[in-house]
Amino acid sequence: MLDTLRFQVWPLVRSIAVTPRRRRLEELRERWGKGGTKEPWLAGRYFELLTACKDRSTWIDDRTWNDLELPRVFADMDTTVTRLGSQYLYGQLRIYPDPPAAAADGYQTYRILAADRGLRERIQWILTY
C-alpha cells in the first residue's frame with residue numbers, strides 16, 4: 001500500500017520540488033531535434049548584413065534559393081531556440097564555406113554535439129539562459 005501511495009504522490013512532489021533551472025533543462029531536452037515553431041521573422045537579416053560587402057559568387061542567390069525550395073528546407077531544419085540561432089543557421093545555409101574543408105569541420109562539430117548530450121545541453125544552456 002505504501003508503494004501505491006508513493007507512486008501516486010511522487011508526480012505531485014516532483015512538480016513542486018523541480019527547480020526553475022531543472023524545468024528549463026527539461027524544456028531544452030523536450031525541444032531537441034523537433035521542428036521550430038517560430039515564424040521566420042528576420043531570419044535572413046544576418047545574411048543580408050554579411051553579404052552586403054561580399055562578392056556575389058560566395059553565396060546562393062535569391063533565385064536559386066527559391067527555385068530549390070530552400071526556404072522550406074530551412075524552416076524544416078530550424079530547430080534553434082533563439083532568433084539569433086535562426087539567423088546564424090540561415091547564413092550557414094546560404095554562404096559557401098571558405099575554405100571548403102570548413103564544411104567538413106562543421107559537420108564533425110555537429111556530430112559531436114549530437115552524440116554528447118551533456119556538452120550540447122551545457123552549450124544550449126549558456127546560449128539560451
# chains A, B, ... in the order shown; residues from 1 in each chain; ligands from 1
>>> residues_around(residues="Leu93 of chain A", least_positions_apart="2", cutoff="10 Å", atoms="only C-alpha atoms", output="VMD selection string")
chain A and resid 47 59 to 60 65 70 73 to 74 88 to 91 95 to 97
>>> closest_residue(among="A:Cys53, A:Ala43, A:Leu68, A:Leu25", to="Arg122 of chain A", atoms="only C-alpha atoms")
A:Leu25
>>> closest_residue(among="A:Thr128, A:Thr58, A:Thr19, A:Gln92", to="Thr80 of chain A", atoms="only C-alpha atoms")
A:Thr128
>>> closest_residue(among="A:Arg120, A:Arg94, A:Thr109, A:Trp125", to="Tyr46 of chain A", atoms="only C-alpha atoms")
A:Arg94
>>> atom_distance(atom1="atom CA of Tyr129 of chain A", atom2="atom CA of Val81 of chain A")
10.5 Å
